[in-house]
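Undergrad: Contents are compact mmCIF, C-alpha atoms and all ligand atoms; file name structure.txt:
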```txt
# COMPACT_ATOMS: atom_id res chain seq x y z
CA MET M 19 155.05 28.44 -8.21
CA GLY M 20 151.32 28.15 -8.64
CA PHE M 21 149.18 25.09 -8.78
CA ARG M 22 148.64 23.66 -12.19
CA SER M 23 145.09 24.35 -13.23
CA LYS M 24 145.01 21.61 -15.82
CA LYS M 25 144.78 17.94 -14.99
CA ARG M 26 148.01 16.13 -15.72
CA VAL M 27 146.45 12.74 -16.39
CA ILE M 28 143.32 11.56 -18.13
CA ALA M 29 141.05 9.98 -15.49
CA ALA M 30 141.27 6.18 -15.35
CA LYS M 31 138.48 3.60 -15.18
CA THR M 32 138.92 0.27 -13.42
CA PRO M 33 138.85 -2.96 -15.50
CA GLY M 34 135.31 -3.57 -14.23
CA GLU M 35 134.27 -0.10 -15.31
CA LEU M 36 135.77 -0.68 -18.75
CA ASP M 37 133.67 -3.85 -19.03
CA ALA M 38 130.60 -1.83 -18.09
CA MET M 39 131.47 0.80 -20.67
CA GLN M 40 131.90 -1.90 -23.30
CA ALA M 41 128.45 -3.25 -22.49
CA ALA M 42 127.10 0.18 -23.45
CA GLY M 43 129.43 0.34 -26.44
CA GLU M 44 128.29 -3.02 -27.82
CA ILE M 45 124.71 -1.74 -27.87
CA VAL M 46 125.91 1.22 -29.94
CA GLY M 47 127.74 -1.19 -32.23
CA ARG M 48 124.56 -3.21 -32.77
CA ALA M 49 122.54 -0.07 -33.47
CA LEU M 50 125.07 1.13 -36.05
CA GLN M 51 125.09 -2.26 -37.76
CA ALA M 52 121.31 -2.43 -37.88
CA VAL M 53 121.10 1.05 -39.38
CA ARG M 54 123.61 0.24 -42.10
CA ALA M 55 122.10 -3.16 -42.86
CA GLU M 56 118.59 -1.72 -43.28
CA SER M 57 119.48 1.51 -45.13
CA ARG M 58 117.98 1.70 -48.63
CA VAL M 59 117.34 4.25 -51.36
CA GLY M 60 114.03 5.95 -50.59
CA MET M 61 114.22 5.67 -46.82
CA THR M 62 114.46 8.85 -44.77
CA THR M 63 117.03 9.65 -42.12
CA HIS M 64 114.12 9.62 -39.67
CA ASP M 65 113.67 5.94 -40.56
CA LEU M 66 117.32 5.35 -39.64
CA ASP M 67 116.77 7.07 -36.30
CA GLN M 68 113.83 4.76 -35.55
CA ILE M 69 115.95 1.68 -36.32
CA ALA M 70 118.70 2.80 -33.94
CA GLU M 71 116.34 3.82 -31.17
CA THR M 72 114.58 0.45 -31.33
CA VAL M 73 117.87 -1.46 -30.95
CA ILE M 74 118.96 0.73 -28.04
CA ARG M 75 115.66 0.51 -26.16
CA GLU M 76 115.32 -3.25 -26.72
CA ALA M 77 118.69 -3.57 -24.96
CA ASP M 78 117.24 -1.67 -21.98
CA ALA M 79 119.58 1.22 -22.73
CA THR M 80 118.84 4.90 -23.31
CA PRO M 81 119.70 6.85 -26.46
CA THR M 82 122.28 9.28 -25.08
CA PHE M 83 121.81 11.83 -27.86
CA LEU M 84 118.04 12.19 -27.39
CA GLY M 85 117.51 15.44 -25.50
CA TYR M 86 121.25 16.10 -25.20
CA GLN M 87 121.42 19.91 -25.18
CA GLY M 88 118.03 19.72 -26.83
CA PHE M 89 119.02 17.37 -29.68
CA PRO M 90 115.75 15.86 -30.94
CA ALA M 91 116.82 12.35 -32.03
CA SER M 92 118.71 9.20 -31.05
CA ILE M 93 121.39 9.41 -33.73
CA CYS M 94 123.02 12.04 -35.89
CA THR M 95 122.57 11.43 -39.62
CA SER M 96 124.98 13.49 -41.69
CA VAL M 97 124.58 13.08 -45.45
CA ASN M 98 127.22 14.05 -48.07
CA GLU M 99 128.44 17.61 -47.33
CA VAL M 100 127.09 17.38 -43.77
CA ILE M 101 130.05 16.56 -41.54
CA VAL M 102 128.40 15.87 -38.19
CA HIS M 103 125.31 16.60 -36.07
CA GLY M 104 122.78 16.21 -38.88
CA ILE M 105 119.25 15.91 -37.47
CA PRO M 106 117.23 12.89 -38.67
CA SER M 107 114.29 14.10 -40.73
CA LYS M 108 111.32 12.81 -42.70
CA GLU M 109 112.36 15.36 -45.34
CA VAL M 110 115.81 13.85 -45.99
CA VAL M 111 115.34 10.94 -48.40
CA LEU M 112 118.32 8.68 -49.10
CA GLU M 113 119.44 8.62 -52.73
CA ASP M 114 121.80 6.47 -54.75
CA GLY M 115 125.36 7.73 -54.24
CA ASP M 116 124.78 9.30 -50.82
CA LEU M 117 127.44 9.00 -48.14
CA VAL M 118 125.67 8.74 -44.77
CA SER M 119 127.51 9.28 -41.51
CA VAL M 120 125.69 7.86 -38.50
CA ASP M 121 126.80 8.80 -35.00
CA CYS M 122 125.20 7.00 -32.07
CA GLY M 123 125.42 6.99 -28.28
CA ALA M 124 123.85 4.67 -25.73
CA THR M 125 123.76 4.89 -21.96
CA PHE M 126 123.57 1.52 -20.17
CA GLU M 127 123.74 1.07 -16.41
CA GLY M 128 125.19 4.53 -16.04
CA TRP M 129 127.94 4.31 -18.66
CA VAL M 130 128.10 5.80 -22.15
CA GLY M 131 129.35 4.41 -25.46
CA ASP M 132 129.83 6.73 -28.44
CA SER M 133 130.64 5.57 -31.96
CA ALA M 134 130.14 6.56 -35.59
CA TRP M 135 130.69 5.33 -39.10
CA SER M 136 129.97 6.37 -42.65
CA PHE M 137 128.57 4.16 -45.40
CA GLY M 138 127.24 4.48 -48.91
CA ILE M 139 123.74 4.17 -50.29
CA GLY M 140 123.88 2.33 -53.61
CA GLU M 141 126.90 3.15 -55.71
CA LEU M 142 129.36 5.81 -54.59
CA ASP M 143 131.78 7.84 -56.72
CA ASP M 144 135.34 6.54 -56.53
CA ASP M 145 136.64 9.58 -54.64
CA VAL M 146 133.88 9.23 -52.05
CA ILE M 147 134.76 5.56 -51.55
CA ALA M 148 138.39 6.63 -51.09
CA LEU M 149 137.36 9.31 -48.58
CA ASN M 150 135.36 6.83 -46.55
CA ASN M 151 137.97 4.07 -46.59
CA ALA M 152 140.65 6.62 -45.69
CA THR M 153 138.68 7.96 -42.72
CA GLU M 154 138.12 4.48 -41.31
CA TRP M 155 141.82 3.71 -41.79
CA VAL M 156 142.85 6.96 -40.09
CA LEU M 157 140.72 6.06 -37.06
CA MET M 158 142.25 2.60 -36.79
CA GLU M 159 145.81 3.93 -37.24
CA GLY M 160 145.32 6.87 -34.89
CA LEU M 161 143.85 4.86 -32.05
CA LYS M 162 147.07 2.81 -31.89
CA ALA M 163 148.51 5.79 -29.99
CA MET M 164 145.95 5.23 -27.20
CA VAL M 165 148.44 3.56 -24.86
CA PRO M 166 149.58 4.25 -21.30
CA GLY M 167 152.53 6.63 -21.16
CA ASN M 168 151.55 8.59 -24.25
CA ARG M 169 150.12 12.07 -23.89
CA LEU M 170 146.85 13.40 -25.26
CA THR M 171 148.26 15.04 -28.36
CA ASP M 172 150.22 11.94 -29.30
CA VAL M 173 146.80 10.66 -30.40
CA SER M 174 146.11 13.92 -32.24
CA ASN M 175 149.46 13.71 -33.96
CA ALA M 176 148.92 10.04 -34.86
CA LEU M 177 145.60 10.97 -36.49
CA GLU M 178 147.22 13.81 -38.44
CA LYS M 179 150.13 11.68 -39.61
CA ALA M 180 147.76 8.89 -40.59
CA THR M 181 145.69 11.39 -42.59
CA GLN M 182 148.80 12.44 -44.49
CA ARG M 183 149.68 8.81 -45.20
CA ALA M 184 146.10 8.07 -46.19
CA GLU M 185 146.28 10.69 -48.96
CA GLN M 186 149.01 8.60 -50.58
CA LYS M 187 147.50 5.23 -49.73
CA PHE M 188 144.01 6.04 -51.01
CA GLY M 189 145.04 8.55 -53.72
CA VAL M 190 142.81 11.35 -52.50
CA HIS M 191 143.14 14.87 -51.08
CA LEU M 192 141.85 15.00 -47.50
CA GLY M 193 140.90 17.96 -45.32
CA ILE M 194 140.92 17.60 -41.52
CA VAL M 195 137.85 19.49 -40.29
CA ASP M 196 139.00 22.39 -38.17
CA GLY M 197 137.66 22.83 -34.64
CA TYR M 198 135.97 19.44 -34.14
CA GLY M 199 137.41 16.37 -32.47
CA GLY M 200 137.12 13.68 -29.84
CA HIS M 201 136.72 13.79 -26.08
CA GLY M 202 136.91 12.05 -22.77
CA ILE M 203 133.90 9.86 -22.00
CA GLY M 204 132.56 7.85 -19.08
CA ARG M 205 129.39 8.36 -17.08
CA THR M 206 128.63 11.28 -19.37
CA MET M 207 129.24 11.54 -23.10
CA HIS M 208 131.47 14.58 -23.27
CA GLU M 209 134.16 14.81 -20.61
CA ASP M 210 137.57 16.47 -20.51
CA PRO M 211 139.87 16.52 -22.32
CA TYR M 212 139.07 17.67 -25.86
CA LEU M 213 141.01 15.63 -28.42
CA ALA M 214 142.05 17.51 -31.57
CA ASN M 215 142.35 15.50 -34.78
CA GLU M 216 145.73 17.08 -35.57
CA GLY M 217 148.56 18.77 -33.76
CA LYS M 218 152.05 18.51 -32.33
CA PRO M 219 152.83 15.42 -30.22
CA ASN M 220 153.77 15.18 -26.53
CA ARG M 221 151.36 17.75 -25.09
CA GLY M 222 148.41 17.67 -22.75
CA PRO M 223 147.57 15.21 -19.99
CA MET M 224 149.09 11.74 -19.77
CA ILE M 225 147.17 8.70 -20.92
CA GLN M 226 147.19 6.06 -18.18
CA GLU M 227 145.92 2.51 -17.89
CA GLY M 228 142.13 2.85 -17.94
CA SER M 229 141.98 6.27 -19.61
CA VAL M 230 139.17 6.40 -22.16
CA LEU M 231 138.76 8.70 -25.16
CA ALA M 232 136.23 8.90 -27.94
CA ILE M 233 138.45 9.18 -31.03
CA GLU M 234 136.69 10.55 -34.09
CA PRO M 235 138.40 11.75 -37.26
CA MET M 236 136.23 13.90 -39.55
CA LEU M 237 137.70 14.22 -43.03
CA THR M 238 136.58 15.96 -46.22
CA LEU M 239 137.38 15.82 -49.92
CA GLY M 240 138.09 19.54 -49.82
CA THR M 241 138.07 22.26 -47.23
CA THR M 242 138.92 22.16 -43.54
CA ASP M 243 136.34 24.91 -42.94
CA SER M 244 132.78 24.30 -41.79
CA ALA M 245 129.61 26.19 -40.94
CA VAL M 246 126.64 25.46 -38.67
CA LEU M 247 123.22 25.73 -40.31
CA GLU M 248 120.30 27.73 -38.85
CA ASP M 249 119.02 24.69 -36.94
CA ASP M 250 122.08 25.27 -34.70
CA TRP M 251 123.18 21.64 -35.14
CA THR M 252 123.98 20.66 -38.71
CA VAL M 253 127.68 21.13 -39.49
CA VAL M 254 128.47 21.35 -43.22
CA THR M 255 131.64 21.77 -45.26
CA LEU M 256 131.95 25.34 -46.45
CA ASP M 257 132.78 24.28 -50.03
CA GLY M 258 130.12 21.56 -50.28
CA SER M 259 132.68 18.77 -50.43
CA TYR M 260 131.70 15.38 -48.99
CA ALA M 261 132.73 14.46 -45.46
CA ALA M 262 133.18 11.17 -43.60
CA HIS M 263 133.19 10.51 -39.85
CA TRP M 264 134.39 7.40 -37.99
CA GLU M 265 134.50 7.08 -34.22
CA HIS M 266 135.26 4.54 -31.53
CA THR M 267 135.31 4.81 -27.75
CA VAL M 268 138.77 3.49 -26.87
CA ALA M 269 140.48 2.61 -23.58
CA ALA M 270 144.21 2.53 -22.99
CA THR M 271 145.21 -0.76 -21.34
CA ALA M 272 148.42 -2.58 -20.52
CA ASP M 273 147.62 -4.85 -23.48
CA GLY M 274 147.18 -1.93 -25.88
CA PRO M 275 144.18 0.03 -27.13
CA ARG M 276 140.83 -1.59 -26.32
CA ILE M 277 137.87 -0.64 -28.51
CA LEU M 278 134.83 -0.38 -26.23
CA THR M 279 132.37 0.05 -29.13
CA PRO M 280 133.00 -3.12 -31.17
CA ARG M 281 130.63 -3.98 -34.01
CA ARG M 282 130.00 -7.68 -33.94
MG MG S 1 129.78 10.28 -31.54
MG MG S 2 132.01 11.58 -29.78
```
What is this file in structure tokens?
Ligand code: MG
Ligand code: MG

TA:
Amino acid sequence: MGFRSKKRVIAAKTPGELDAMQAAGEIVGRALQAVRAESRVGMTTHDLDQIAETVIREADATPTFLGYQGFPASICTSVNEVIVHGIPSKEVVLEDGDLVSVDCGATFEGWVGDSAWSFGIGELDDDVIALNNATEWVLMEGLKAMVPGNRLTDVSNALEKATQRAEQKFGVHLGIVDGYGGHGIGRTMHEDPYLANEGKPNRGPMIQEGSVLAIEPMLTLGTTDSAVLEDDWTVVTLDGSYAAHWEHTVAATADGPRILTPRR
């Protein structure tokens, strides 16, 4: 018998640490709300980045993304066929009918919050509205599995099952982007374990009281396949179909899942 090399539980935070993480998460929530509220046709994704960075810095927090592995901005702005990791740019001008996914992280007093949502500019096509509503719904359904006693892939499986149900509920074909998913989070943004957005249940480390995961379904109107552009960041759908991305940082507690990145 050898020692197990993999951790059998997802590290737990104390209630006080969860409060501290939520303080960071609420700053992220405010930044996301400000970006959506101020987004207009004709603005650039660089403008959105400035809005988010201002909110984060005025809260005496640090934009976690800025400089992360060389990332040059405070948020990711992923428009239409861009799934995640789009770089804010003065060249990307928002147009009527765009679906913008904004992903944001803030570090406050040593703790990180990570959250994302997608929203429309002007009027969206019906299938894009369905995609976006479905992705939000899948996040909220999937995170219900973030409870003590479940295992890591119970969350993955809940997200996959919710995606299947969402196809019926929202009347749309959905692709689960292959190879991207959520993660542990705490004093740094990306911690073990990796959380797939699909898979068989009852595998991986146990979720305990105080375990925290960033849960982030990424769904498309077409393919599950993606490619990274030459900037080494921008992830696009291989078939050009639109993608949506919703994320919350979520703790497992005795009272159920606790969203640490509320938007209020
Ligand atoms: Mg994120
Ligand atoms: Mg994340």

Undergrad: When distances are computed from all atoms listed in the file, which of M:Lys162, M:Ala261, M:Arg205, M:Gly131 shows the smallest separation from ligand MG 2 (chain S)?

TA: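 Using all atoms listed in the file, the shortest distance to ligand MG 2 (chain S) belongs to M:Gly131.
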
Undergrad: Expressed in Å to a single decimal, how great is the separation between atom CA of Gly228 of chain M and atom CA of Met158 of chain M?

TA: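 So the two atoms, atom CA of Gly228 of chain M and atom CA of Met158 of chain M, lie 18.9 Å apart.
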
Undergrad: Draw an axis-aligned box over all listed atoms of segment 182-200 of chain M, pad each side with 4 Å, and write its centre and edge lengths in Å, one decimal, as lines of an AutoDock Vina configuration file.

TA:
```
center_x = 142.8
center_y = 14.0
center_z = -41.8
size_x = 21.7
size_y = 25.6
size_z = 31.9
```

Undergrad: Taking all atoms listed in the file into account, which residues are within 6 Å of ligand MG 1 (chain S), as a VMD selection string?

TA: chain M and resid 121 to 122 132 to 134

Undergrad: Within 9 Å of ligand MG 2 (chain S) (counting only C-alpha atoms and all ligand atoms), which residues show up? I'd like them as an MDAnalysis selection string.

TA: chainID M and resid 121:123 131:134 199:203 207:208 231:234 265:267

Undergrad: Please measure the separation of atom CA of Thr72 of chain M and atom CA of Ile101 of chain M, giving the value in Å to one decimal.

TA: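 Interatomic distance, atom CA of Thr72 of chain M to atom CA of Ile101 of chain M: 24.6 Å.
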
Undergrad: Taking all atoms listed in the file into account, name the residue in M:Ser107, M:Gln87, M:Ser119, M:Asn150 that is nearest to His64 of chain M.

TA: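 With all atoms listed in the file as the atom set, the closest residue is M:Ser107.
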
Undergrad: Compile the contact shell of Glu185 of chain M as a tab-separated table (two decimals) with C-alpha atoms, in the coordinates of the input: residues with an atom at most 10 Å away, counting all atoms listed in the file, same-chain residues fewer than 5 positions apart removed.

TA:
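Final file, out_17.tsv:
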```tsv
chain	number	residue	atom	x	y	z
M	148	ALA	CA	138.39	6.63	-51.09
M	149	LEU	CA	137.36	9.31	-48.58
M	152	ALA	CA	140.65	6.62	-45.69
M	180	ALA	CA	147.76	8.89	-40.59
M	190	VAL	CA	142.81	11.35	-52.50
M	191	HIS	CA	143.14	14.87	-51.08
M	192	LEU	CA	141.85	15.00	-47.50
M	193	GLY	CA	140.90	17.96	-45.32
```

Undergrad: Please indicate the distance in Å from atom CA of Ala184 of chain M to atom CA of Gly160 of chain M, rounded to one decimal place.

TA: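 Separation of atom CA of Ala184 of chain M and atom CA of Gly160 of chain M: 11.4 Å.
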
Undergrad: Excluding Ala272 of chain M and its own-chain neighbours fewer than 6 positions away, which residues fall within 9 Å of it when counting only C-alpha atoms? Please give them as a list of chain:residue names.

TA: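 The residues satisfying every condition are M:Val165, M:Pro166, M:Glu227, M:Gly228.
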
Undergrad: Near segment 210-216 of chain M, counting all atoms listed in the file, which residues have an atom at most 9 Å away, once you skip same-chain residues fewer than 4 positions from it, shown as a VMD selection string?

TA: chain M and resid 25 28 to 29 170 to 171 173 to 179 194 to 203 222 to 223 231 to 236
